[in-house]
Amino acid sequence: MKKALILDLDNTLFSTTSIGDKLFADLYYLLEINGNEFEGNLEDIKTDINRKPFSVVAKQYSMSQLLYNESLQLLVNLTYNEPIEPFPDYNEVNKIACDKFLVTSGFPKLQNSKVRQLGIENDFKEIYIVDTVMTNDTKKKIFESILHDFNYDVSEVLVIGDDPESEIAAAKELGIDAIVYDKLNAFKDYFATPKISDFSQLQNYL
């Protein structure tokens, strides 16, 4: 029986695309007027900004240092102050009687504002925000800290997230069971770990 769940935030508890156009409007405009400062397609970049940490996206599309710095100036103090709707099946998570931790990567002010607007602050034992720009922290380090600080064996923890290359990879490196939450059917050909599309399916892995 699992004693703890570790959940990701973006595209795991809610759809980031539901707020992306409004949230990143200024950033999208900055990228649009500086189209010679990165490689690749702007629409692809917009999609990835809603799925991955900005530092990863900037590297992926060979963004110039100048554009990267200007983008950071926009993002570091960005917040979202309108209501956000979680995925409808999120209520299933609260029905599970075990410790729950939220571990997300991104800009702290922005990620904190998302949590606040979702109204989920009290659903978790602890909330961790991994600032991949200003620190060298990683989700793997946070997972290790949770195991140590709360005295869990790896067999007692389950990680749920939408990104096989982030929280799922970190969990697998530590020997923690992991599940890809593929609400948006983005990983049709991914079979390295179990996948679910609804939190009601978690009961099969506890």
# chains A, B, ... in the order shown; residues from 1 in each chain; ligands from 1

$ select_by_dssp --residues "chain A" --states "strand (DSSP E or B)" --output "VMD selection string"
chain A and resid 4 to 7 10 14 99 to 105 126 to 130 157 to 161 177 to 181 195 to 196

$ select_by_dssp --residues "region 54-199 of chain A" --states "helix (DSSP H, G or I)" --output "PyMOL selection string"
chain A and resi 54-60+65-75+88-94+108-118+121-123+139-149+154-156+167-174+199

$ closest_atom_pairs --of "region 99-150 of chain A" --to "region 159-183 of chain A" --cutoff "9 Å" --atoms "only C-alpha atoms" --output "CSV"
residue,atom,partner,partner_atom,distance
A:Val103,CA,A:Glu167,CA,8.6
A:Thr104,CA,A:Glu167,CA,8.8
A:Thr138,CA,A:Ala170,CA,8.6
A:Lys139,CA,A:Glu167,CA,6.2
A:Lys140,CA,A:Ala170,CA,4.9
A:Lys141,CA,A:Ala170,CA,8.7
A:Phe143,CA,A:Ala171,CA,7.5
A:Glu144,CA,A:Leu174,CA,7.8

$ residues_around --residues "Ser71 (chain A)" --least-positions-apart "5" --cutoff "9 Å" --atoms "only C-alpha atoms" --output "PyMOL selection string"
chain A and resi 27+30-31+66+76

$ closest_residue --among "A:Phe191, A:Leu118, A:Leu147, A:Asp10" --to "Pro86 (chain A)" --atoms "only C-alpha atoms"
A:Leu118

$ residues_around --residues "Lys59 (chain A)" --least-positions-apart "2" --cutoff "12 Å" --atoms "only C-alpha atoms" --output "list in words"
Phe38, Glu39, Gly40, Ile45, Asp48, Ile49, Lys52, Pro53, Phe54, Ser55, Val56, Val57, Tyr61, Ser62, Met63, Ser64, Gln65, Leu67 and Tyr68 of chain A

$ atom_distance --atom1 "CA of Arg51 (chain A)" --atom2 "CA of Lys22 (chain A)"
15.5 Å

$ residues_around --residues "Phe150 (chain A)" --least-positions-apart "5" --cutoff "12 Å" --atoms "only C-alpha atoms" --output "list in words"
Lys3, Ala4, Asp99, Lys100, Phe101, Lys125, Glu126, Ile142, Phe143, Glu144, Ser145, Glu156 and Val157 of chain A

$ atom_distance --atom1 "CA of Thr12 (chain A)" --atom2 "CA of Asp26 (chain A)"
24.7 Å

$ atom_distance --atom1 "CA of Leu23 (chain A)" --atom2 "CA of Thr47 (chain A)"
13.2 Å

$ residues_around --residues "Lys46 (chain A)" --least-positions-apart "3" --cutoff "9 Å" --atoms "only C-alpha atoms" --output "VMD selection string"
chain A and resid 20 to 21 24 28 41 to 43 49 to 50

$ closest_residue --among "A:Asn94, A:Asn77, A:Asn34, A:Asn151" --to "Asp123 (chain A)" --atoms "only C-alpha atoms"
A:Asn94
